[in-house]
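Colleague: Dumping the structure here so I can ask a few things about it.
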Number of protein chains: 2
Amino acid sequence: MFKPLDPLLNSELRLAVISLLIGVEEIEFNEIKQKTGASAGNLSVQLKKLEEAQYITIKKSFKGNYPLTTLKITTIGINAFEQYVSAIKSYINIKKKKS
Amino acid sequence: MFKPLDPLLNSELRLAVISLLIGVEEIEFNEIKQKTGASAGNLSVQLKKLEEAQYITIKKSFKGNYPLTTLKITTIGINAFEQYVSAIKSYINIKKKKS
DNA sequence: AATATTAGGTTTATAGTATAAACTAGTTTA
DNA sequence: TAAACTAGTTTATACTATAAACCTAATATT
């Protein structure tokens, strides 16, 4: 009936992050921060969770003199996202029986 | 970019409940319990939250000698669900630019 | 040349949320 | 009449999200 929803992706911010990472090579911390409107603190925490689950990799380097954090999605992350999309459809497509 | 996700519906169980209620007149507590696999306690709590938000109405009666709880979606609930569906698509449809 | 400000984050305290276990109230069955 | 079951509700606990406070180093200001 209903497919279980990956708790890691059933979070507004983490879903937005993965959504942004899908289809691009990599993104910088600040670009994600701006596009999602998240606070740096919250974003930092959520990125770490995604990294722990191996959905993304976090690369630390320097841009000029400043530290720079770059994010990249992994195969595991891509698969998880695709699974999530398929699962959420099992909830929202029921509506179609009505219309 | 990303539409905000109604926190009330961004929950596996509550989304499943609303999904089940969409398109039917009403459902009994136990049918929802079975179809979602939720524990009675958790379901009771989540239903109350949906009721507080006026997404559903909870009717208490008797079936034979046993108490019977029947759930029904409201117009507010239908609208919230449709909003949620539209919002979640802003996260999962980004993928399409890739394929 | 001190000191204030900004960049780019991380850590942590707190409030909010989900869940199952324990409980209530009554019913059926042995 | 006591054990087990129906149909839930309440509550204790663990988990989660978030922003405020913090950190380190670079740059700008006086």
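To be explicit about the labels: the chains of the structure tokens are called A, B, and onward in the order shown, and within each one the residues are counted from 1, while ligands get numbers from 1 in the order they are shown.
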Write down, as a PyMOL selection string, each residue of chain D that has any atom within 12 Å of an atom of chain A, counting only C-alpha atoms (C1' of nucleotides).
Modeller: chain D and resi 15-22+24-27
Colleague: Put those residues in a file: N, CA and C atoms (P, O5', C5', C4', C3', O3' and C1' of nucleotides), as a PDB file, in the first residue's frame.
Modeller:
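What landed in selection.pdb:
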ATOM      1  P    DC D  15      17.350   7.019  20.410  1.00  0.00           P
ATOM      2  O5'  DC D  15      16.773   8.067  19.350  1.00  0.00           O
ATOM      3  C5'  DC D  15      15.589   7.722  18.624  1.00  0.00           C
ATOM      4  C4'  DC D  15      15.102   8.959  17.907  1.00  0.00           C
ATOM      5  C3'  DC D  15      16.166   9.649  17.060  1.00  0.00           C
ATOM      6  O3'  DC D  15      15.616   9.715  15.752  1.00  0.00           O
ATOM      7  C1'  DC D  15      14.982  11.227  18.377  1.00  0.00           C
ATOM      8  P    DT D  16      16.361  10.311  14.502  1.00  0.00           P
ATOM      9  O5'  DT D  16      15.858  11.841  14.547  1.00  0.00           O
ATOM     10  C5'  DT D  16      14.486  12.142  14.440  1.00  0.00           C
ATOM     11  C4'  DT D  16      14.317  13.633  14.226  1.00  0.00           C
ATOM     12  C3'  DT D  16      15.389  14.294  13.370  1.00  0.00           C
ATOM     13  O3'  DT D  16      14.692  14.926  12.309  1.00  0.00           O
ATOM     14  C1'  DT D  16      15.071  15.497  15.402  1.00  0.00           C
ATOM     15  P    DA D  17      15.337  15.806  11.207  1.00  0.00           P
ATOM     16  O5'  DA D  17      15.046  17.256  11.787  1.00  0.00           O
ATOM     17  C5'  DA D  17      13.723  17.628  12.117  1.00  0.00           C
ATOM     18  C4'  DA D  17      13.682  19.099  12.489  1.00  0.00           C
ATOM     19  C3'  DA D  17      14.470  20.024  11.569  1.00  0.00           C
ATOM     20  O3'  DA D  17      13.633  21.148  11.337  1.00  0.00           O
ATOM     21  C1'  DA D  17      15.262  20.242  13.824  1.00  0.00           C
ATOM     22  P    DT D  18      14.046  22.307  10.347  1.00  0.00           P
ATOM     23  O5'  DT D  18      14.731  23.349  11.339  1.00  0.00           O
ATOM     24  C5'  DT D  18      13.927  23.924  12.366  1.00  0.00           C
ATOM     25  C4'  DT D  18      14.792  24.741  13.296  1.00  0.00           C
ATOM     26  C3'  DT D  18      15.773  25.674  12.601  1.00  0.00           C
ATOM     27  O3'  DT D  18      15.195  26.964  12.628  1.00  0.00           O
ATOM     28  C1'  DT D  18      16.711  24.636  14.548  1.00  0.00           C
ATOM     29  P    DA D  19      15.921  28.246  11.978  1.00  0.00           P
ATOM     30  O5'  DA D  19      16.555  28.985  13.253  1.00  0.00           O
ATOM     31  C5'  DA D  19      15.780  29.074  14.449  1.00  0.00           C
ATOM     32  C4'  DA D  19      16.659  29.498  15.599  1.00  0.00           C
ATOM     33  C3'  DA D  19      17.536  30.706  15.322  1.00  0.00           C
ATOM     34  O3'  DA D  19      17.642  31.422  16.560  1.00  0.00           O
ATOM     35  C1'  DA D  19      18.920  28.873  15.865  1.00  0.00           C
ATOM     36  P    DA D  20      18.133  32.941  16.606  1.00  0.00           P
ATOM     37  O5'  DA D  20      19.045  32.963  17.907  1.00  0.00           O
ATOM     38  C5'  DA D  20      18.700  32.121  19.024  1.00  0.00           C
ATOM     39  C4'  DA D  20      19.952  31.796  19.803  1.00  0.00           C
ATOM     40  C3'  DA D  20      20.954  32.936  19.883  1.00  0.00           C
ATOM     41  O3'  DA D  20      21.445  32.971  21.229  1.00  0.00           O
ATOM     42  C1'  DA D  20      22.005  31.022  18.976  1.00  0.00           C
ATOM     43  P    DA D  21      22.448  34.142  21.707  1.00  0.00           P
ATOM     44  O5'  DA D  21      23.828  33.357  21.837  1.00  0.00           O
ATOM     45  C5'  DA D  21      23.854  32.161  22.610  1.00  0.00           C
ATOM     46  C4'  DA D  21      25.160  31.438  22.355  1.00  0.00           C
ATOM     47  C3'  DA D  21      26.385  32.344  22.432  1.00  0.00           C
ATOM     48  O3'  DA D  21      27.333  31.715  23.287  1.00  0.00           O
ATOM     49  C1'  DA D  21      26.430  31.089  20.439  1.00  0.00           C
ATOM     50  P    DC D  22      28.733  32.410  23.665  1.00  0.00           P
ATOM     51  O5'  DC D  22      29.756  31.667  22.689  1.00  0.00           O
ATOM     52  C5'  DC D  22      29.877  30.244  22.781  1.00  0.00           C
ATOM     53  C4'  DC D  22      30.614  29.734  21.567  1.00  0.00           C
ATOM     54  C3'  DC D  22      32.005  30.328  21.386  1.00  0.00           C
ATOM     55  O3'  DC D  22      32.967  29.387  21.833  1.00  0.00           O
ATOM     56  C1'  DC D  22      30.836  30.010  19.307  1.00  0.00           C
ATOM     57  P    DT D  24      39.440  28.154  18.237  1.00  0.00           P
ATOM     58  O5'  DT D  24      39.898  28.550  16.762  1.00  0.00           O
ATOM     59  C5'  DT D  24      39.675  27.645  15.688  1.00  0.00           C
ATOM     60  C4'  DT D  24      39.909  28.368  14.383  1.00  0.00           C
ATOM     61  C3'  DT D  24      41.154  29.248  14.399  1.00  0.00           C
ATOM     62  O3'  DT D  24      42.004  28.788  13.369  1.00  0.00           O
ATOM     63  C1'  DT D  24      39.295  30.408  13.484  1.00  0.00           C
ATOM     64  P    DA D  25      43.540  29.388  13.242  1.00  0.00           P
ATOM     65  O5'  DA D  25      43.351  30.370  11.994  1.00  0.00           O
ATOM     66  C5'  DA D  25      42.839  29.829  10.791  1.00  0.00           C
ATOM     67  C4'  DA D  25      42.338  30.951   9.914  1.00  0.00           C
ATOM     68  C3'  DA D  25      43.389  32.028   9.629  1.00  0.00           C
ATOM     69  O3'  DA D  25      43.452  32.182   8.232  1.00  0.00           O
ATOM     70  C1'  DA D  25      41.338  33.008  10.237  1.00  0.00           C
ATOM     71  P    DA D  26      44.561  33.095   7.520  1.00  0.00           P
ATOM     72  O5'  DA D  26      43.653  34.239   6.875  1.00  0.00           O
ATOM     73  C5'  DA D  26      42.650  33.844   5.933  1.00  0.00           C
ATOM     74  C4'  DA D  26      41.815  35.064   5.595  1.00  0.00           C
ATOM     75  C3'  DA D  26      42.616  36.254   5.066  1.00  0.00           C
ATOM     76  O3'  DA D  26      41.958  36.710   3.903  1.00  0.00           O
ATOM     77  C1'  DA D  26      41.258  36.920   6.886  1.00  0.00           C
ATOM     78  P    DT D  27      42.678  37.799   2.966  1.00  0.00           P
ATOM     79  O5'  DT D  27      41.913  39.138   3.362  1.00  0.00           O
ATOM     80  C5'  DT D  27      40.503  39.224   3.126  1.00  0.00           C
ATOM     81  C4'  DT D  27      39.943  40.415   3.878  1.00  0.00           C
ATOM     82  C3'  DT D  27      40.529  41.768   3.477  1.00  0.00           C
ATOM     83  O3'  DT D  27      39.430  42.572   3.112  1.00  0.00           O
ATOM     84  C1'  DT D  27      40.376  41.590   5.806  1.00  0.00           C
TER      85       DT D  27
END
Colleague: Once you count only C-alpha atoms, which residues of chain A turn out to be within 8 Å of chain B? Could you give them as an MDAnalysis selection string?
Modeller: chainID A and resid 1:2 4:5 10:12 15:16 19:20 22:23 35:36 85 91:92 94:95 97:98
Colleague: Once you count only C-alpha atoms (C1' of nucleotides), what closest atom pair and distance in Å to one decimal does each residue of chain C within 10 Å of chain B have, with rows by chain and rising residue number, as JSON lines?
Modeller:
{"residue": "C:DT17", "atom": "C1'", "partner": "B:Ser11", "partner_atom": "CA", "distance": 9.7}
{"residue": "C:DA18", "atom": "C1'", "partner": "B:Asn42", "partner_atom": "CA", "distance": 7.7}
{"residue": "C:DT19", "atom": "C1'", "partner": "B:Asn42", "partner_atom": "CA", "distance": 6.1}
{"residue": "C:DA20", "atom": "C1'", "partner": "B:Gly41", "partner_atom": "CA", "distance": 7.5}
{"residue": "C:DA21", "atom": "C1'", "partner": "B:Gly41", "partner_atom": "CA", "distance": 9.3}
{"residue": "C:DG26", "atom": "C1'", "partner": "B:Tyr66", "partner_atom": "CA", "distance": 8.0}
{"residue": "C:DT27", "atom": "C1'", "partner": "B:Asn65", "partner_atom": "CA", "distance": 7.4}
Colleague: Which value, in Å to one decimal, gives the distance between CA of Glu31 in chain B and CA of Leu9 in chain B?
Modeller: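 If I compute the distance from CA of Glu31 in chain B to CA of Leu9 in chain B, I get 19.7 Å.
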Colleague: Could you tell me how far CA of Leu47 in chain A sits from CA of Ile27 in chain A, in Å to one decimal place?
Modeller: 12.2 Å
Colleague: Would you mind writing down, as a ChimeraX atom specification, each residue of chain B that DSSP on the backbone assigns to strand (DSSP E or B)?
Modeller: /B:27-28,56-63,66-73
Colleague: Write a file of the selected residues as a PDB file, in the first residue's frame, keeping C-alpha atoms.
Modeller:
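Written output follows (selection_8.pdb):
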ATOM      1  CA  ILE B  27     -12.808   5.478   7.379  1.00  0.00           C
ATOM      2  CA  GLU B  28     -12.744   3.670  10.693  1.00  0.00           C
ATOM      3  CA  ILE B  56     -10.001  15.915   9.647  1.00  0.00           C
ATOM      4  CA  THR B  57     -12.994  15.395  11.879  1.00  0.00           C
ATOM      5  CA  ILE B  58     -13.145  12.601  14.448  1.00  0.00           C
ATOM      6  CA  LYS B  59     -16.522  11.070  15.183  1.00  0.00           C
ATOM      7  CA  LYS B  60     -17.020   8.777  18.161  1.00  0.00           C
ATOM      8  CA  SER B  61     -19.881   6.295  18.197  1.00  0.00           C
ATOM      9  CA  PHE B  62     -20.526   2.614  18.857  1.00  0.00           C
ATOM     10  CA  LYS B  63     -20.371  -0.421  16.643  1.00  0.00           C
ATOM     11  CA  TYR B  66     -17.584  -1.402  21.188  1.00  0.00           C
ATOM     12  CA  PRO B  67     -16.507   2.168  20.761  1.00  0.00           C
ATOM     13  CA  LEU B  68     -15.890   3.195  17.192  1.00  0.00           C
ATOM     14  CA  THR B  69     -13.842   6.093  15.925  1.00  0.00           C
ATOM     15  CA  THR B  70     -14.546   7.305  12.410  1.00  0.00           C
ATOM     16  CA  LEU B  71     -12.419   9.784  10.484  1.00  0.00           C
ATOM     17  CA  LYS B  72     -13.379  12.163   7.721  1.00  0.00           C
ATOM     18  CA  ILE B  73     -11.310  14.683   5.765  1.00  0.00           C
TER      19      ILE B  73
END
Colleague: Quick one, how far is CA of Ala80 in chain B from CA of Glu52 in chain B?
Modeller: 13.7 Å
Colleague: Looking only at the backbone, which of the residues in chain B does DSSP tag as alpha helix (DSSP H), as a VMD selection string?
Modeller: chain B and resid 12 to 21 29 to 36 40 to 52 75 to 92
Colleague: Kindly export the residues of the current selection with C-alpha atoms, as an mmCIF file, in the first residue's frame.
Modeller:
data_model
loop_
_atom_site.group_PDB
_atom_site.id
_atom_site.type_symbol
_atom_site.label_atom_id
_atom_site.label_comp_id
_atom_site.auth_asym_id
_atom_site.auth_seq_id
_atom_site.Cartn_x
_atom_site.Cartn_y
_atom_site.Cartn_z
ATOM 1 C CA GLU B 12 4.920 9.488 7.056
ATOM 2 C CA LEU B 13 1.930 8.482 9.138
ATOM 3 C CA ARG B 14 -0.067 11.710 8.855
ATOM 4 C CA LEU B 15 0.498 11.832 5.100
ATOM 5 C CA ALA B 16 -0.680 8.231 4.809
ATOM 6 C CA VAL B 17 -3.797 9.043 6.828
ATOM 7 C CA ILE B 18 -4.709 12.004 4.649
ATOM 8 C CA SER B 19 -3.908 9.999 1.553
ATOM 9 C CA LEU B 20 -6.348 7.304 2.681
ATOM 10 C CA LEU B 21 -9.053 9.823 3.549
ATOM 11 C CA PHE B 29 -9.792 3.907 13.070
ATOM 12 C CA ASN B 30 -8.934 0.260 12.645
ATOM 13 C CA GLU B 31 -8.916 0.295 8.899
ATOM 14 C CA ILE B 32 -6.384 3.104 8.952
ATOM 15 C CA LYS B 33 -4.407 1.275 11.603
ATOM 16 C CA GLN B 34 -4.232 -1.847 9.465
ATOM 17 C CA LYS B 35 -3.488 -0.108 6.192
ATOM 18 C CA THR B 36 -0.730 2.024 7.651
ATOM 19 C CA ALA B 40 -2.806 2.438 17.971
ATOM 20 C CA GLY B 41 -1.047 4.880 20.271
ATOM 21 C CA ASN B 42 0.864 6.640 17.581
ATOM 22 C CA LEU B 43 -2.181 6.742 15.320
ATOM 23 C CA SER B 44 -4.300 8.226 18.103
ATOM 24 C CA VAL B 45 -1.758 11.015 18.664
ATOM 25 C CA GLN B 46 -1.366 11.820 14.985
ATOM 26 C CA LEU B 47 -5.106 11.862 14.354
ATOM 27 C CA LYS B 48 -5.531 14.347 17.162
ATOM 28 C CA LYS B 49 -2.968 16.618 15.546
ATOM 29 C CA LEU B 50 -4.763 16.453 12.234
ATOM 30 C CA GLU B 51 -7.994 17.218 14.017
ATOM 31 C CA GLU B 52 -6.506 20.205 15.840
ATOM 32 C CA THR B 75 -12.089 20.916 2.924
ATOM 33 C CA ILE B 76 -9.150 22.411 4.792
ATOM 34 C CA GLY B 77 -7.528 18.980 4.776
ATOM 35 C CA ILE B 78 -8.120 18.469 1.072
ATOM 36 C CA ASN B 79 -6.604 21.850 0.293
ATOM 37 C CA ALA B 80 -3.614 21.175 2.507
ATOM 38 C CA PHE B 81 -3.012 17.858 0.800
ATOM 39 C CA GLU B 82 -3.194 19.390 -2.648
ATOM 40 C CA GLN B 83 -0.802 22.112 -1.565
ATOM 41 C CA TYR B 84 1.562 19.488 -0.211
ATOM 42 C CA VAL B 85 1.492 17.493 -3.429
ATOM 43 C CA SER B 86 2.293 20.611 -5.408
ATOM 44 C CA ALA B 87 5.089 21.571 -3.012
ATOM 45 C CA ILE B 88 6.765 18.166 -2.919
ATOM 46 C CA LYS B 89 6.863 18.199 -6.701
ATOM 47 C CA SER B 90 9.079 21.264 -6.528
ATOM 48 C CA TYR B 91 11.658 19.025 -4.836
ATOM 49 C CA ILE B 92 11.354 15.819 -6.792
#
Colleague: Using only C-alpha atoms (C1' of nucleotides), determine which residues lie at most 12 Å from DT29 in chain D, disregarding the query and same-chain residues fewer than 5 positions distant; provide the list as a list in words.
Modeller: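 Non-adjacent residues within range: DA1, DA2, DT3, DA4 and DT5 of chain C.
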